[in-house]
$ cat my_file.cif   # mmCIF, C-alpha atoms
data_model
loop_
_atom_site.label_atom_id
_atom_site.label_comp_id
_atom_site.auth_asym_id
_atom_site.auth_seq_id
_atom_site.Cartn_x
_atom_site.Cartn_y
_atom_site.Cartn_z
CA MET Z 128 119.81 156.08 37.16
CA ARG Z 129 116.88 153.80 36.46
CA LEU Z 130 117.46 150.03 36.69
CA PRO Z 131 116.33 147.70 33.94
CA MET Z 132 113.06 145.95 34.81
CA LYS Z 133 114.70 142.55 35.44
CA GLU Z 134 117.26 143.96 37.90
CA PHE Z 135 114.56 146.05 39.57
CA LEU Z 136 112.40 142.97 40.24
CA ILE Z 137 115.40 141.06 41.64
CA ALA Z 138 116.15 143.95 44.02
CA VAL Z 139 112.51 144.05 45.23
CA VAL Z 140 112.53 140.30 45.91
CA MET Z 141 115.79 140.55 47.90
CA VAL Z 142 114.50 143.41 50.04
CA GLY Z 143 111.23 141.58 50.71
CA SER Z 144 113.13 138.43 51.66
CA ALA Z 145 115.28 140.37 54.13
CA PHE Z 146 112.21 141.86 55.84
CA ALA Z 147 110.52 138.44 55.95
CA GLN Z 148 113.50 137.00 57.82
CA GLN Z 149 113.58 139.70 60.50
CA PRO Z 150 110.68 138.40 62.68
CA ALA Z 151 112.29 134.96 62.79
CA GLU Z 152 115.60 136.44 63.84
CA ARG Z 153 113.95 138.56 66.53
CA SER Z 154 112.15 135.52 67.93
CA LYS Z 155 115.39 133.71 68.67
CA GLY Z 156 116.17 133.23 72.34
CA PRO Z 157 115.50 130.82 75.21
CA ALA Z 158 112.09 129.16 75.11
CA PRO Z 159 109.79 130.00 78.03
CA ALA Z 160 109.98 127.48 80.87
CA LEU Z 161 107.20 124.92 80.91
CA PRO Z 162 104.97 124.87 84.01
CA PRO Z 163 105.82 122.10 86.47
CA PRO Z 164 103.89 118.83 85.98
CA LEU Z 165 101.33 117.37 88.35
CA PHE Z 166 103.41 115.67 91.06
CA PHE Z 167 100.49 114.07 92.88
CA LYS Z 168 96.78 114.30 93.55
CA GLU Z 169 94.88 112.86 96.49
CA THR Z 170 91.08 112.62 96.69
CA TRP Z 171 90.51 110.20 99.66
CA LYS Z 172 88.36 107.10 99.83
CA ASP Z 173 84.83 107.30 101.19
CA GLY Z 174 84.62 107.09 104.96
CA PRO Z 175 81.74 105.26 106.69
CA GLY Z 176 80.26 108.04 108.79
CA ASN Z 177 83.11 109.89 110.47
CA VAL Z 178 86.14 107.79 111.44
CA PRO Z 179 89.83 108.52 112.15
CA VAL Z 180 91.79 108.94 108.92
CA THR Z 181 94.46 106.30 108.26
CA GLN Z 182 96.63 105.17 105.35
CA ALA Z 183 93.75 102.92 104.26
CA PHE Z 184 91.81 106.00 103.07
CA VAL Z 185 94.58 107.23 100.74
CA THR Z 186 93.64 106.61 97.09
CA ASN Z 187 97.08 107.22 95.54
CA PRO Z 188 99.24 104.11 96.10
CA ASP Z 189 102.46 106.16 95.79
CA LEU Z 190 101.66 108.39 98.76
CA GLN Z 191 102.30 107.96 102.48
CA LEU Z 192 100.11 109.73 105.02
CA LYS Z 193 101.25 111.34 108.26
CA THR Z 194 98.88 113.04 110.71
CA TYR Z 195 99.59 115.15 113.78
CA GLY Z 196 96.21 115.51 115.43
CA ASP Z 197 92.87 113.71 115.46
CA PHE Z 198 91.67 114.14 111.87
CA GLY Z 199 88.60 112.30 110.66
CA VAL Z 200 87.50 111.24 107.19
CA THR Z 201 83.87 111.43 106.09
CA THR Z 202 81.67 111.74 103.00
CA GLU Z 203 79.19 114.14 104.55
CA GLY Z 204 77.65 116.24 101.78
CA ASN Z 205 78.59 113.59 99.18
CA VAL Z 206 82.18 114.88 99.18
CA ALA Z 207 84.91 112.65 100.64
CA HIS Z 208 87.06 114.92 102.82
CA ILE Z 209 89.35 115.22 105.82
CA TRP Z 210 87.67 116.89 108.82
CA SER Z 211 89.47 118.64 111.69
CA GLY Z 212 86.58 119.07 114.13
CA SER Z 213 87.96 116.43 116.49
CA CYS Z 214 91.46 117.99 116.68
CA LEU Z 215 91.90 119.12 120.28
CA SER Z 216 94.71 121.54 119.33
CA SER Z 217 96.55 122.69 116.21
CA CYS Z 218 96.90 119.84 113.73
CA VAL Z 219 98.83 118.97 110.56
CA LEU Z 220 98.37 116.42 107.78
CA THR Z 221 101.06 115.64 105.20
CA LEU Z 222 101.61 113.37 102.21
CA ASN Z 223 104.94 112.27 100.79
CA HIS Z 224 105.76 110.35 97.64
CA LYS Z 225 107.45 106.99 98.25
CA ASP Z 226 109.99 107.39 95.44
CA SER Z 227 110.54 111.12 95.01
CA TYR Z 228 111.12 114.40 96.74
CA VAL Z 229 109.63 117.37 94.89
CA ASP Z 230 111.14 120.62 93.66
CA LEU Z 231 108.67 123.39 94.51
CA THR Z 232 110.70 126.29 93.14
CA GLY Z 233 109.72 128.46 90.16
CA LYS Z 234 106.04 128.23 89.27
CA ALA Z 235 105.28 125.19 91.44
CA ARG Z 236 101.78 125.45 92.88
CA ILE Z 237 99.12 123.80 94.99
CA ARG Z 238 95.44 123.46 94.18
CA TRP Z 239 92.91 122.22 96.72
CA TYR Z 240 89.20 122.03 97.40
CA THR Z 241 88.37 123.27 100.89
CA LYS Z 242 85.64 124.49 103.20
CA THR Z 243 85.85 125.86 106.74
CA SER Z 244 83.60 126.84 109.63
CA GLY Z 245 83.95 129.58 112.19
CA PHE Z 246 87.39 131.21 112.10
CA HIS Z 247 89.27 128.12 110.94
CA GLU Z 248 91.83 128.46 108.13
CA VAL Z 249 93.73 126.00 105.93
CA ARG Z 250 97.46 126.77 105.53
CA PRO Z 251 100.17 124.99 103.49
CA VAL Z 252 102.83 122.99 105.32
CA VAL Z 253 106.04 121.51 103.89
CA LYS Z 254 108.73 119.30 105.35
CA LEU Z 255 112.13 119.76 103.68
CA ALA Z 256 114.49 116.88 102.95
CA ASP Z 257 116.76 118.02 105.82
CA GLY Z 258 113.88 117.66 108.30
CA THR Z 259 112.94 121.37 108.54
CA TRP Z 260 109.21 122.05 108.87
CA LEU Z 261 107.64 125.23 107.45
CA ILE Z 262 104.13 126.69 107.54
CA GLY Z 263 102.96 129.32 105.07
CA ASP Z 264 101.07 132.61 105.37
CA HIS Z 265 98.64 131.69 102.57
CA VAL Z 266 95.19 130.86 103.96
CA ASP Z 267 91.91 129.62 102.57
CA ALA Z 268 88.76 130.06 104.65
CA ASN Z 269 85.61 129.35 102.66
CA VAL Z 270 82.67 129.27 105.05
CA TYR Z 271 79.79 129.32 102.58
CA GLU Z 272 80.67 126.21 100.55
CA TYR Z 273 83.56 124.20 99.13
CA HIS Z 274 85.84 126.36 97.01
CA GLU Z 275 88.63 125.38 94.60
CA SER Z 276 91.71 127.58 95.01
CA GLU Z 277 95.26 127.68 93.68
CA PHE Z 278 98.43 129.45 94.78
CA TYR Z 279 102.12 129.57 93.86
CA LEU Z 280 104.60 128.46 96.51
CA ALA Z 281 106.98 131.25 95.41
CA GLU Z 282 104.44 133.82 96.66
CA VAL Z 283 104.12 132.24 100.10
CA ARG Z 284 106.08 133.48 103.11
CA TRP Z 285 107.09 130.91 105.70
CA LEU Z 286 107.55 130.41 109.43
CA LYS Z 287 109.38 127.50 111.02
CA LEU Z 288 107.10 124.91 112.56
CA ASP Z 289 108.05 122.96 115.69
CA MET Z 290 106.90 119.39 115.15
CA PRO Z 291 105.24 117.31 116.42
CA LYS Z 292 104.03 120.09 118.75
CA VAL Z 293 102.57 122.01 115.76
CA GLN Z 294 103.84 125.32 117.13
CA THR Z 295 105.05 128.23 115.00
CA LYS Z 296 108.50 129.62 115.82
CA GLY Z 297 110.41 132.83 115.14
CA VAL Z 298 109.65 135.40 112.45
CA LEU Z 299 108.84 135.18 108.75
CA LEU Z 300 111.87 133.83 106.90
CA GLU Z 301 113.53 136.04 104.31
CA LYS Z 302 114.46 133.11 102.10
CA VAL Z 303 113.68 129.40 101.92
CA ASP Z 304 114.95 126.66 99.61
CA LEU Z 305 112.07 124.55 98.32
CA SER Z 306 114.15 122.63 95.77
CA LYS Z 307 113.98 119.39 97.76
CA VAL Z 308 110.74 118.90 99.68
CA ASP Z 309 110.00 115.63 101.45
CA ALA Z 310 106.31 116.07 102.37
CA ILE Z 311 103.48 118.48 101.56
CA GLY Z 312 100.24 119.07 103.38
CA TYR Z 313 98.29 121.56 105.41
CA ALA Z 314 97.62 122.80 108.92
CA ASP Z 315 94.60 123.99 110.87
CA LEU Z 316 95.99 126.01 113.78
CA THR Z 317 92.63 126.44 115.54
CA PRO Z 318 91.36 123.65 117.85
CA GLY Z 319 88.23 121.92 116.60
CA SER Z 320 84.92 122.20 118.39
CA GLY Z 321 83.37 118.93 117.26
CA HIS Z 322 80.32 118.52 115.08
CA GLY Z 323 78.17 121.43 114.13
CA PRO Z 324 79.11 124.86 112.78
CA GLY Z 325 81.90 126.97 114.20
CA GLY Z 326 84.91 124.76 114.62
CA TYR Z 327 86.43 122.74 111.76
CA SER Z 328 88.07 122.68 108.33
CA ASP Z 329 87.37 120.29 105.45
CA VAL Z 330 89.89 119.41 102.72
CA ALA Z 331 88.36 117.33 99.94
CA TRP Z 332 91.28 116.99 97.54
CA ILE Z 333 94.76 118.36 96.97
CA GLU Z 334 96.97 118.65 93.88
CA VAL Z 335 100.69 119.46 93.97
CA TYR Z 336 102.50 120.67 90.84
CA GLY Z 337 106.31 120.41 90.95
CA LYS Z 338 109.31 118.57 89.51
CA PRO Z 339 110.09 115.15 91.02
CA VAL Z 340 113.53 114.64 92.55
CA LYS Z 341 114.63 111.02 92.98
CA ARG Z 342 115.03 109.94 96.60
CA GLU Z 343 118.36 108.48 97.64
CA ALA Z 344 118.21 104.78 98.47
CA SER Z 345 119.03 105.44 102.12
CA GLY Z 346 116.11 107.90 102.42
CA SER Z 347 113.48 105.93 100.53
CA ASN Z 348 111.75 104.88 103.74
#
$ encode --input "my_file.cif" --output "structure tokens"
Amino acid sequence: MRLPMKEFLIAVVMVGSAFAQQPAERSKGPAPALPPPLFFKETWKDGPGNVPVTQAFVTNPDLQLKTYGDFGVTTEGNVAHIWSGSCLSSCVLTLNHKDSYVDLTGKARIRWYTKTSGFHEVRPVVKLADGTWLIGDHVDANVYEYHESEFYLAEVRWLKLDMPKVQTKGVLLEKVDLSKVDAIGYADLTPGSGHGPGGYSDVAWIEVYGKPVKREASGSN
């Protein structure tokens, strides 16, 4: 049976409206998680020649520096950077935010600008809120020139780190909880050989992307 023209047009409009609504209905669901924000960045102040690095060379007023080894700071090559050539053994440098821990789960990541010499490598180091130290299997070793690199913490595998000895312990951990990290930095596990090629690492800047977690009043120091 043929419909009158008016009823036919109404039916066409209703069918078209139903199809138009389907994509919107299919798109319903949880929104994708936003990437973690920039938690901190450190670029270092210029060093006169090559001098031991101290808190005075930290540009970000919210960060506190800790060093385990004889790092230097210099602007050689017109790039302010931390230099490990004077470290007599394995060495570690960390930064922690005065007011916040950081949640490094999910798509949290680190970006840094590094250069190395010889067989030196730059590895990530974290100190958890409970005092546990970890060192990661991710390495950057860019001998030719400074190189910007980025990696996700979720893809890193970790060993425990005995501090302040800077000694790795045990086997790779099956699981770690990075939801409350006190300090972030890096390690150079190879002793420096002083000036000249063959024995150092340079870290010019570091960015950490993660969600801040408020420090308890008793742990703010």
$ resolve_selection --input "my_file.cif" --expression "the PyMOL selection byres ((chain Z and resi 333-345) around 6)" --output "list in words"
Pro163, Pro164, Leu165, Phe166, Phe167, Lys168, Glu169, Asp226, Ser227, Tyr228, Val229, Asp230, Leu231, Ala235, Arg236, Ile237, Arg238, Trp239, Trp332, Gly346 and Ser347 of chain Z
$ closest_residue --input "my_file.cif" --among "Z:Val293, Z:Cys214, Z:Ile262, Z:Ala256" --to "Lys307 of chain Z" --atoms "all atoms listed in the file"
Z:Ala256
$ residues_around --input "my_file.cif" --residues "Gly233 of chain Z" --least-positions-apart "6" --cutoff "10 Å" --atoms "all atoms listed in the file" --output "list of chain:residue names"
Z:Ala160, Z:Pro162, Z:Pro163, Z:Tyr279, Z:Leu280, Z:Ala281, Z:Glu282, Z:Leu305, Z:Ser306, Z:Gly337, Z:Lys338
$ residues_around --input "my_file.cif" --residues "Pro251 of chain Z" --least-positions-apart "4" --cutoff "7 Å" --atoms "all atoms listed in the file" --output "PyMOL selection string"
chain Z and resi 262-263+265+312-314
$ residues_around --input "my_file.cif" --residues "Gly176 of chain Z" --least-positions-apart "4" --cutoff "9 Å" --atoms "all atoms listed in the file" --output "PyMOL selection string"
chain Z and resi 200-203
$ atom_distance --input "my_file.cif" --atom1 "atom CA of Gly204 of chain Z" --atom2 "atom CA of Arg250 of chain Z"
22.7 Å
$ resolve_selection --input "my_file.cif" --expression "the PyMOL selection byres ((chain Z and resi 206) around 12)" --output "number ranges by chain"
Z: 170-174, 176, 200-205, 207-210, 240-242, 272-273, 329-332
$ atom_distance --input "my_file.cif" --atom1 "atom CA of Thr243 of chain Z" --atom2 "atom CA of Gly258 of chain Z"
29.2 Å
$ atom_distance --input "my_file.cif" --atom1 "atom CA of Gly199 of chain Z" --atom2 "atom CA of Leu316 of chain Z"
15.9 Å
$ residues_near_point --input "my_file.cif" --point "(110.2, 132.0, 101.8)" --cutoff "8 Å" --atoms "only C-alpha atoms" --output "ChimeraX atom specification"
/Z:281-285,299-304
$ residues_around --input "my_file.cif" --residues "Leu222 of chain Z" --least-positions-apart "5" --cutoff "7 Å" --atoms "all atoms listed in the file" --output "tab-separated table (two decimals) with C-alpha atoms, in the frame of the given file"
chain	number	residue	atom	x	y	z
Z	190	LEU	CA	101.66	108.39	98.76
Z	191	GLN	CA	102.30	107.96	102.48
Z	192	LEU	CA	100.11	109.73	105.02
Z	193	LYS	CA	101.25	111.34	108.26
Z	310	ALA	CA	106.31	116.07	102.37
Z	311	ILE	CA	103.48	118.48	101.56
Z	312	GLY	CA	100.24	119.07	103.38
$ axis_aligned_box --input "my_file.cif" --around "segment 311-329 of chain Z" --padding-each-side "3 Å" --output "AutoDock Vina command-line options"
--center_x 90.8 --center_y 122.7 --center_z 110.0 --size_x 31.3 --size_y 14.5 --size_z 22.8
$ closest_residue --input "my_file.cif" --among "Z:Ser216, Z:Leu261, Z:Val252, Z:Val178" --to "Gly297 of chain Z" --atoms "all atoms listed in the file"
Z:Leu261
$ closest_residue --input "my_file.cif" --among "Z:Thr259, Z:Asn187, Z:Phe278, Z:Tyr327" --to "Lys296 of chain Z" --atoms "only C-alpha atoms"
Z:Thr259
$ resolve_selection --input "my_file.cif" --expression "the PyMOL selection byres ((chain Z and resi 315) around 6)" --output "list in words"
Ser217, Cys218, Glu248, Val249, Ala314, Leu316 and Thr317 of chain Z
$ write_last_selection --input "my_file.cif" --atoms "C-alpha atoms" --output "PDB file, in the frame of the given file"
ATOM      1  CA  SER Z 217      96.550 122.690 116.210  1.00  0.00           C
ATOM      2  CA  CYS Z 218      96.900 119.840 113.730  1.00  0.00           C
ATOM      3  CA  GLU Z 248      91.830 128.460 108.130  1.00  0.00           C
ATOM      4  CA  VAL Z 249      93.730 126.000 105.930  1.00  0.00           C
ATOM      5  CA  ALA Z 314      97.620 122.800 108.920  1.00  0.00           C
ATOM      6  CA  LEU Z 316      95.990 126.010 113.780  1.00  0.00           C
ATOM      7  CA  THR Z 317      92.630 126.440 115.540  1.00  0.00           C
TER       8      THR Z 317
END
$ residues_near_point --input "my_file.cif" --point "(85.6, 123.2, 117.0)" --cutoff "9 Å" --atoms "only C-alpha atoms" --output "list in words"
Ser211, Gly212, Ser213, Cys214, Leu215, Ser244, Gly245, His247, Thr317, Pro318, Gly319, Ser320, Gly321, His322, Gly323, Pro324, Gly325, Gly326 and Tyr327 of chain Z
